[in-house]
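Inspection log for the structure reproduced underneath, given as structure tokens.
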Amino acid sequence: MSIRVYKYSLLLASCLLVIITSPFFRTSSLAFFLNALTLAINIVAGLIVIGNRQNLRSRIIRAIGYITLTMQLASLLSVVPNEQMSKLIPAIFIIYFTSVSIIVYSDIYRARQIDGEMVAAVFCGFIMLGLLTSFIFTLVEIFEPNSFSGLEDRFKVFDSLVYFSFISLLTIGYGDMAPQTDVARVTTICVSLAGHFYTVFVTGIVIGKFISGRTKTY
């Protein structure tokens, strides 16, 4: 059985690894290394999702994936973040996550029936949206330091912004982190709107397909 049969389950597992792994390690350099490693695994899973699709869009996205993987492996070999790399990597990942998300959302929209893999794809779509916005927040913090309150260890800035990204998408707002600059506030508003849009639009499509499939069965 081809590994691509479970491509979205693999992508979902890799997305969850990015979120839950490094916060359990107190050592800053180890947390940075694990971030780099889990993101590299996520890129490989993304390339499996793209697979052998031969249309122009898929070829471009596959090329972006390979470039991102190469840059991430280079980052993985350096435990201490390089200043130039720390600016370049988030920008590359924004392009990567945007590109792969297009594939995910397209597959969800074109799906004729809702099975376990499509449910995994829906979860992937939301988590990848969260990771995408985490890198956007990271770029905001890099180019305008102190844009967010609650950031302490420079090695764990990404972990903190992943957390802030998801509580913003879910509109929870605990208050332990908050945007401090105009750019950060506007970005946070856009992220919250994107979270609402995904919940209403994408979830609505999936529920509609599920109900339609059940109706045809009967």
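Chain labels follow the order of the structure tokens: the first chain is A, the next B, and so on; residue numbering restarts at 1 in every chain, and ligands are counted from 1 in their shown order.
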
Which residues are close to Phe123 (chain A), i.e. within 12 Å by only C-alpha atoms, leaving aside same-chain residues fewer than 3 positions away? Reply as a ChimeraX atom specification.
/A:8-16,101,104-105,108,116-120,126-130,198-199,202-203,206

Put those residues in a file: N, CA and C atoms, as a compact mmCIF listing (two decimals), in the first residue's frame.
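As written to disk, out_32.txt reads:
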# COMPACT_ATOMS: atom_id res chain seq x y z
N TYR A 8 -2.44 12.69 4.34
CA TYR A 8 -2.91 13.73 5.24
C TYR A 8 -2.78 13.33 6.71
N SER A 9 -2.85 12.05 6.99
CA SER A 9 -2.58 11.59 8.36
C SER A 9 -1.13 11.86 8.72
N LEU A 10 -0.22 11.63 7.77
CA LEU A 10 1.20 11.90 7.99
C LEU A 10 1.44 13.40 8.16
N LEU A 11 0.79 14.21 7.33
CA LEU A 11 0.96 15.66 7.43
C LEU A 11 0.42 16.16 8.76
N LEU A 12 -0.71 15.62 9.19
CA LEU A 12 -1.30 16.02 10.47
C LEU A 12 -0.36 15.67 11.62
N ALA A 13 0.21 14.46 11.57
CA ALA A 13 1.15 14.04 12.62
C ALA A 13 2.37 14.96 12.67
N SER A 14 2.87 15.34 11.49
CA SER A 14 4.05 16.22 11.44
C SER A 14 3.71 17.62 11.95
N CYS A 15 2.49 18.09 11.66
CA CYS A 15 2.07 19.41 12.17
C CYS A 15 1.98 19.40 13.69
N LEU A 16 1.43 18.32 14.23
CA LEU A 16 1.31 18.21 15.69
C LEU A 16 2.68 18.12 16.34
N SER A 101 -0.79 24.91 1.71
CA SER A 101 -2.18 25.12 2.14
C SER A 101 -3.11 25.21 0.94
N VAL A 104 -3.92 21.75 0.05
CA VAL A 104 -4.82 21.15 1.04
C VAL A 104 -6.24 21.65 0.84
N TYR A 105 -6.41 22.97 0.73
CA TYR A 105 -7.75 23.53 0.59
C TYR A 105 -8.40 23.11 -0.73
N ILE A 108 -9.68 19.57 -0.28
CA ILE A 108 -10.90 19.57 0.54
C ILE A 108 -12.09 20.00 -0.31
N GLY A 116 -11.79 9.46 6.55
CA GLY A 116 -10.81 9.79 7.58
C GLY A 116 -9.71 10.70 7.09
N GLU A 117 -9.26 10.49 5.86
CA GLU A 117 -8.19 11.32 5.31
C GLU A 117 -8.64 12.76 5.08
N MET A 118 -9.90 12.93 4.69
CA MET A 118 -10.39 14.29 4.50
C MET A 118 -10.57 15.02 5.83
N VAL A 119 -10.96 14.28 6.86
CA VAL A 119 -11.03 14.88 8.20
C VAL A 119 -9.65 15.32 8.64
N ALA A 120 -8.65 14.46 8.38
CA ALA A 120 -7.26 14.81 8.69
C ALA A 120 -6.83 16.04 7.90
N PHE A 126 -6.21 23.80 9.17
CA PHE A 126 -6.27 24.77 10.26
C PHE A 126 -4.91 24.90 10.95
N ILE A 127 -4.24 23.78 11.21
CA ILE A 127 -2.95 23.83 11.89
C ILE A 127 -1.92 24.54 11.01
N MET A 128 -1.95 24.27 9.71
CA MET A 128 -1.00 24.94 8.81
C MET A 128 -1.28 26.44 8.74
N LEU A 129 -2.53 26.82 8.85
CA LEU A 129 -2.87 28.24 8.93
C LEU A 129 -2.24 28.84 10.18
N GLY A 130 -2.30 28.09 11.29
CA GLY A 130 -1.69 28.56 12.53
C GLY A 130 -0.18 28.67 12.42
N TYR A 198 -12.04 30.36 8.24
CA TYR A 198 -11.80 28.93 8.08
C TYR A 198 -12.90 28.13 8.78
N THR A 199 -13.21 28.53 10.00
CA THR A 199 -14.23 27.80 10.77
C THR A 199 -15.57 27.79 10.05
N VAL A 202 -14.72 26.69 5.46
CA VAL A 202 -14.19 25.35 5.20
C VAL A 202 -15.00 24.29 5.94
N THR A 203 -15.29 24.54 7.21
CA THR A 203 -16.08 23.57 7.98
C THR A 203 -17.47 23.43 7.36
N VAL A 206 -17.25 21.09 4.36
CA VAL A 206 -17.08 19.69 4.78
C VAL A 206 -18.39 19.11 5.30

Just how far from CA of Val5 (chain A) is CA of Asn52 (chain A), in Å to one decimal?
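Between CA of Asn52 (chain A) and CA of Val5 (chain A) the gap works out to 13.1 Å.
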
Could you tell me, as a PyMOL selection string, which residues of chain A DSSP assigns to helix (DSSP H, G or I) when given the backbone?
chain A and resi 3-20+22-24+28-50+56-76+83-110+116-143+154-169+182-217

Shell around Ser192 (chain A) at 12 Å using only C-alpha atoms, local window under 6 positions removed, as a PyMOL selection string:
chain A and resi 129-130+133+164-173+185-186+198-199

Using only N, CA and C atoms, please write the residues we just selected to a file, as a CSV table (one decimal), in the first residue's frame.
chain,number,residue,atom,x,y,z
A,129,LEU,N,-2.5,26.8,8.9
A,129,LEU,CA,-2.9,28.2,8.9
A,129,LEU,C,-2.2,28.8,10.2
A,130,GLY,N,-2.3,28.1,11.3
A,130,GLY,CA,-1.7,28.6,12.5
A,130,GLY,C,-0.2,28.7,12.4
A,133,THR,N,0.7,31.7,10.2
A,133,THR,CA,0.6,33.0,10.9
A,133,THR,C,1.7,33.1,12.0
A,164,PHE,N,0.7,32.0,20.6
A,164,PHE,CA,-0.1,33.3,20.4
A,164,PHE,C,-0.9,33.2,19.1
A,165,SER,N,-0.4,32.5,18.1
A,165,SER,CA,-1.1,32.4,16.8
A,165,SER,C,-2.4,31.6,17.0
A,166,PHE,N,-2.3,30.5,17.7
A,166,PHE,CA,-3.5,29.7,17.8
A,166,PHE,C,-4.5,30.2,18.7
A,167,ILE,N,-4.1,30.9,19.8
A,167,ILE,CA,-5.1,31.5,20.7
A,167,ILE,C,-5.8,32.7,19.9
A,168,SER,N,-5.0,33.3,19.0
A,168,SER,CA,-5.6,34.4,18.2
A,168,SER,C,-6.6,33.8,17.1
A,169,LEU,N,-6.2,32.7,16.5
A,169,LEU,CA,-7.1,32.1,15.5
A,169,LEU,C,-8.4,31.6,16.2
A,170,LEU,N,-8.2,31.1,17.4
A,170,LEU,CA,-9.4,30.5,18.1
A,170,LEU,C,-10.1,31.6,18.9
A,171,THR,N,-9.6,32.9,18.8
A,171,THR,CA,-10.1,34.0,19.5
A,171,THR,C,-10.3,33.7,21.0
A,172,ILE,N,-9.3,33.1,21.6
A,172,ILE,CA,-9.4,32.8,23.1
A,172,ILE,C,-8.9,34.0,23.9
A,173,GLY,N,-7.7,34.5,23.6
A,173,GLY,CA,-7.2,35.7,24.2
A,173,GLY,C,-7.1,35.6,25.7
A,185,ARG,N,-0.8,44.6,16.0
A,185,ARG,CA,-2.3,44.6,16.2
A,185,ARG,C,-3.0,44.4,14.9
A,186,VAL,N,-2.6,45.0,13.9
A,186,VAL,CA,-3.3,44.8,12.6
A,186,VAL,C,-3.1,43.3,12.1
A,198,TYR,N,-12.0,30.4,8.2
A,198,TYR,CA,-11.8,28.9,8.1
A,198,TYR,C,-12.9,28.1,8.8
A,199,THR,N,-13.2,28.5,10.0
A,199,THR,CA,-14.2,27.8,10.8
A,199,THR,C,-15.6,27.8,10.1

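Distances to Val18 (chain A) were evaluated for A:Val140, A:Glu152, A:Ser134, A:Tyr66 using only C-alpha atoms, and the minimum falls at A:Ser134.
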
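Going from CA of Ala111 (chain A) to CA of Ile211 (chain A) covers 13.2 Å.
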
So that I can check the surroundings of Gln180 (chain A), please list as a list of chain:residue names every protein, DNA and RNA residue that reaches within 8 Å of it, counting only C-alpha atoms and ignoring chain neighbours fewer than 3 positions away.
A:Asn146, A:Ser147, A:Phe148, A:Ser149, A:Ala184, A:Arg185

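Counting only C-alpha atoms, the residue from A:Val191, A:Val183, A:Val49, A:Ile114 that sits nearest to Lys209 (chain A) is A:Ile114.
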
Atomic distance CA of Ile19 (chain A) - CA of Asp159 (chain A), expressed in Å with one decimal
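Distance reported for this atom pair: 7.7 Å.
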
Compile the contact shell of Leu69 (chain A) as a list in words: residues with an atom at most 9 Å away, counting only C-alpha atoms, same-chain residues fewer than 2 positions apart removed.
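With the cut-off at 9 Å, the set is Leu39, Ala40, Ile41, Ile43, Val44, Ile64, Gly65, Tyr66, Ile67, Met71, Gln72, Leu73 and Ala74 of chain A.
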
Applying 10 Å and only C-alpha atoms, which residues near Ile61 (chain A) remain after dropping the ones on its own chain fewer than 2 positions away? List them as a VMD selection string.
chain A and resid 46 to 47 50 56 to 59 63 to 67 95 to 100 102 to 103

Residue nearest Gly150 (chain A) - candidates A:Ala178, A:Ile92, A:Cys124, A:Leu132, atoms counted: only C-alpha atoms:
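Comparing A:Ala178, A:Ile92, A:Cys124, A:Leu132 against Gly150 (chain A), the winner is A:Ala178.
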